[in-house]
>>> print(open('data-v5.csv').read())   # CSV, C-alpha atoms
chain,number,residue,atom,x,y,z
A,1,MET,CA,-97.9,64.3,40.1
A,2,ARG,CA,-101.0,64.6,37.9
A,3,ALA,CA,-102.2,61.1,38.9
A,4,LEU,CA,-101.8,62.0,42.5
A,5,ALA,CA,-103.7,65.3,41.9
A,6,ALA,CA,-106.5,63.6,40.0
A,7,THR,CA,-106.9,61.1,42.9
A,8,GLY,CA,-107.0,64.0,45.3
A,9,VAL,CA,-109.7,65.8,43.3
A,10,ALA,CA,-111.7,62.5,43.1
A,11,ALA,CA,-111.4,62.1,46.9
A,12,GLY,CA,-112.4,65.7,47.5
A,13,VAL,CA,-115.5,65.3,45.3
A,14,ALA,CA,-116.5,62.1,47.2
A,15,LEU,CA,-116.2,64.0,50.5
A,16,LEU,CA,-118.1,66.9,49.2
A,17,THR,CA,-121.0,65.0,47.6
A,18,GLN,CA,-121.1,61.7,49.6
A,19,PRO,CA,-119.9,62.5,53.2
A,20,GLY,CA,-122.3,59.9,54.7
A,21,ARG,CA,-121.0,57.1,52.5
A,22,VAL,CA,-117.4,58.0,53.1
A,23,LEU,CA,-118.0,58.2,56.8
A,24,ALA,CA,-119.8,54.9,56.8
A,25,ALA,CA,-116.7,53.3,55.4
A,26,VAL,CA,-114.1,55.2,57.4
A,27,ASP,CA,-115.7,56.0,60.8
A,28,PRO,CA,-119.4,55.1,61.3
A,29,ALA,CA,-119.3,56.7,64.8
A,30,PHE,CA,-118.4,60.1,63.4
A,31,PRO,CA,-121.1,62.6,64.6
A,32,ARG,CA,-123.7,63.4,62.0
A,33,GLU,CA,-123.8,67.0,63.1
A,34,ARG,CA,-120.2,67.4,62.1
A,35,ARG,CA,-120.5,66.2,58.5
A,36,TRP,CA,-119.9,69.8,57.4
A,37,LEU,CA,-116.3,69.2,58.4
A,38,VAL,CA,-116.0,66.4,55.9
A,39,ARG,CA,-117.5,68.6,53.2
A,40,LEU,CA,-115.0,71.4,54.1
A,41,LEU,CA,-112.1,68.9,53.8
A,42,GLY,CA,-113.5,67.8,50.5
A,43,ALA,CA,-113.6,71.4,49.2
A,44,ARG,CA,-110.0,72.0,50.3
A,45,LEU,CA,-108.9,68.8,48.5
A,46,VAL,CA,-110.7,69.8,45.3
A,47,ALA,CA,-109.1,73.3,45.4
A,48,GLN,CA,-105.7,72.1,46.3
A,49,HIS,CA,-105.5,69.1,43.9
A,50,GLY,CA,-107.2,71.1,41.2
A,51,ALA,CA,-104.4,73.6,41.4
A,52,LEU,CA,-101.9,70.8,41.2
A,53,LEU,CA,-103.6,69.4,38.1
A,54,ILE,CA,-103.4,72.8,36.4
A,55,ARG,CA,-99.9,73.8,37.6
A,56,PRO,CA,-97.8,70.9,38.9
A,57,GLU,CA,-94.9,73.3,39.3
A,58,PRO,CA,-92.4,73.0,42.2
A,59,GLY,CA,-93.8,76.0,44.1
A,60,VAL,CA,-97.3,74.7,43.9
A,61,VAL,CA,-96.3,71.2,45.0
A,62,THR,CA,-94.3,72.6,47.9
A,63,ALA,CA,-97.3,74.6,49.0
A,64,ALA,CA,-99.5,71.6,48.8
A,65,VAL,CA,-97.1,69.5,50.8
A,66,GLY,CA,-97.1,72.2,53.5
A,67,VAL,CA,-100.9,72.3,53.6
A,68,GLU,CA,-101.0,68.5,54.0
A,69,LEU,CA,-98.5,68.6,56.8
A,70,VAL,CA,-100.4,71.3,58.6
A,71,HIS,CA,-103.6,69.3,58.2
A,72,ALA,CA,-101.9,66.1,59.6
A,73,ALA,CA,-100.7,68.1,62.6
A,74,SER,CA,-104.1,69.6,63.2
A,75,MET,CA,-105.5,66.1,63.5
A,76,LEU,CA,-103.2,65.2,66.4
A,77,PRO,CA,-105.3,66.7,69.2
A,78,PHE,CA,-108.2,64.5,68.1
A,79,ALA,CA,-106.3,61.2,67.5
A,80,ALA,CA,-107.3,59.7,70.9
A,81,SER,CA,-110.9,61.0,70.9
A,82,SER,CA,-113.6,58.3,71.0
A,83,ARG,CA,-115.8,60.5,68.8
A,84,TYR,CA,-113.3,61.8,66.3
A,85,GLY,CA,-110.2,59.6,66.7
A,86,ARG,CA,-110.7,57.1,63.9
A,87,ALA,CA,-111.5,59.8,61.3
A,88,ALA,CA,-108.7,62.0,62.6
A,89,ARG,CA,-106.1,59.2,62.4
A,90,THR,CA,-107.3,58.2,58.9
A,91,SER,CA,-107.2,61.8,57.7
A,92,ALA,CA,-103.8,62.4,59.1
A,93,ALA,CA,-102.4,59.3,57.6
A,94,VAL,CA,-103.8,60.2,54.1
A,95,ALA,CA,-102.4,63.7,54.4
A,96,LEU,CA,-98.9,62.4,55.4
A,97,ALA,CA,-99.0,59.8,52.5
A,98,THR,CA,-100.1,62.5,50.1
A,99,ALA,CA,-97.3,64.8,51.2
A,100,GLY,CA,-94.7,62.1,51.0
A,101,LEU,CA,-95.8,61.1,47.5
A,102,ALA,CA,-95.9,64.7,46.3
A,103,ARG,CA,-92.4,65.2,47.7
A,104,LEU,CA,-91.2,62.0,45.9
A,105,SER,CA,-92.6,63.3,42.7
A,106,GLN,CA,-90.4,66.3,42.9
A,107,ARG,CA,-87.3,64.2,43.0
A,108,GLY,CA,-87.8,62.3,39.9
>>> encode(input="data-v5.csv", output="structure tokens")
Amino acid sequence: MRALAATGVAAGVALLTQPGRVLAAVDPAFPRERRWLVRLLGARLVAQHGALLIRPEPGVVTAAVGVELVHAASMLPFAASSRYGRAARTSAAVALATAGLARLSQRG
């Protein structure tokens, strides 16, 4: 769990501090005027995964899984968008993978 949380913190820091570089790699067509959304996601990741680093307890993990699932669901309306689709699909896929890995960590 701690390795997953550390990776999440690192990803969040990258989104917070280098949104342009991340977007250039993930979705170059993402509108520049919406980079604040990338930073907001980064801040959420730092807070969420920081909490998991500090307290990787079942209740915190369950809450983090719920947040990831809600985030993935919130990306669905944008998945087919020409402006936001690639970033939305990538973000949803990462959120679902993170939720799945976190759930698996609880089992074993």
>>> atom_distance(input="data-v5.csv", atom1="atom CA of A:Glu57", atom2="atom CA of A:Thr90")
27.7 Å
>>> closest_residue(input="data-v5.csv", among="A:Arg55, A:Arg83, A:His49, A:Arg107", to="A:Glu33", atoms="only C-alpha atoms")
A:Arg83
>>> closest_residue(input="data-v5.csv", among="A:Val9, A:Met1, A:Ala80, A:Leu96", to="A:Gly42", atoms="all atoms listed in the file")
A:Val9
>>> residues_around(input="data-v5.csv", residues="A:Ala29", least_positions_apart="6", cutoff="10 Å", atoms="all atoms listed in the file", output="PDB file with C-alpha atoms, keeping the file's coordinate frame")
ATOM      1  CA  LEU A  23    -118.000  58.200  56.800  1.00  0.00           C
ATOM      2  CA  SER A  82    -113.600  58.300  71.000  1.00  0.00           C
ATOM      3  CA  ARG A  83    -115.800  60.500  68.800  1.00  0.00           C
ATOM      4  CA  TYR A  84    -113.300  61.800  66.300  1.00  0.00           C
ATOM      5  CA  GLY A  85    -110.200  59.600  66.700  1.00  0.00           C
ATOM      6  CA  ARG A  86    -110.700  57.100  63.900  1.00  0.00           C
ATOM      7  CA  ALA A  87    -111.500  59.800  61.300  1.00  0.00           C
TER       8      ALA A  87
END
>>> closest_residue(input="data-v5.csv", among="A:Ala88, A:Ala5, A:Leu104, A:Ile54", to="A:Asp27", atoms="only C-alpha atoms")
A:Ala88
>>> closest_residue(input="data-v5.csv", among="A:Leu15, A:Leu52, A:Ala64, A:Val22", to="A:Val38", atoms="all atoms listed in the file")
A:Leu15
>>> decode(input="data-v5.csv", residues="stretch 82-93 of chain A", atoms="N, CA, C and O atoms", output="tab-separated table (two decimals), in the first residue's frame")
chain	number	residue	atom	x	y	z
A	82	SER	N	-13.86	15.66	-27.98
A	82	SER	CA	-12.64	15.87	-28.78
A	82	SER	C	-11.63	16.71	-28.02
A	82	SER	O	-10.43	16.58	-28.22
A	83	ARG	N	-12.08	17.57	-27.12
A	83	ARG	CA	-11.18	18.44	-26.36
A	83	ARG	C	-10.64	17.76	-25.10
A	83	ARG	O	-9.50	17.98	-24.72
A	84	TYR	N	-11.47	16.99	-24.45
A	84	TYR	CA	-11.10	16.45	-23.14
A	84	TYR	C	-11.04	14.92	-23.08
A	84	TYR	O	-10.64	14.37	-22.08
A	85	GLY	N	-11.44	14.28	-24.15
A	85	GLY	CA	-11.60	12.82	-24.14
A	85	GLY	C	-10.36	12.03	-23.77
A	85	GLY	O	-10.42	11.14	-22.93
A	86	ARG	N	-9.25	12.34	-24.42
A	86	ARG	CA	-8.04	11.56	-24.15
A	86	ARG	C	-7.60	11.70	-22.69
A	86	ARG	O	-7.29	10.71	-22.02
A	87	ALA	N	-7.60	12.91	-22.18
A	87	ALA	CA	-7.23	13.14	-20.78
A	87	ALA	C	-8.24	12.46	-19.84
A	87	ALA	O	-7.85	11.86	-18.84
A	88	ALA	N	-9.52	12.55	-20.17
A	88	ALA	CA	-10.55	11.95	-19.32
A	88	ALA	C	-10.41	10.43	-19.29
A	88	ALA	O	-10.50	9.82	-18.21
A	89	ARG	N	-10.19	9.83	-20.44
A	89	ARG	CA	-10.04	8.37	-20.48
A	89	ARG	C	-8.78	7.92	-19.72
A	89	ARG	O	-8.81	6.94	-18.98
A	90	THR	N	-7.71	8.66	-19.89
A	90	THR	CA	-6.47	8.33	-19.18
A	90	THR	C	-6.66	8.46	-17.68
A	90	THR	O	-6.27	7.58	-16.90
A	91	SER	N	-7.27	9.57	-17.26
A	91	SER	CA	-7.48	9.81	-15.84
A	91	SER	C	-8.40	8.76	-15.24
A	91	SER	O	-8.15	8.26	-14.13
A	92	ALA	N	-9.46	8.39	-15.96
A	92	ALA	CA	-10.37	7.36	-15.46
A	92	ALA	C	-9.67	6.01	-15.36
A	92	ALA	O	-9.84	5.29	-14.37
A	93	ALA	N	-8.86	5.68	-16.35
A	93	ALA	CA	-8.15	4.40	-16.32
A	93	ALA	C	-7.17	4.34	-15.15
A	93	ALA	O	-7.08	3.30	-14.46
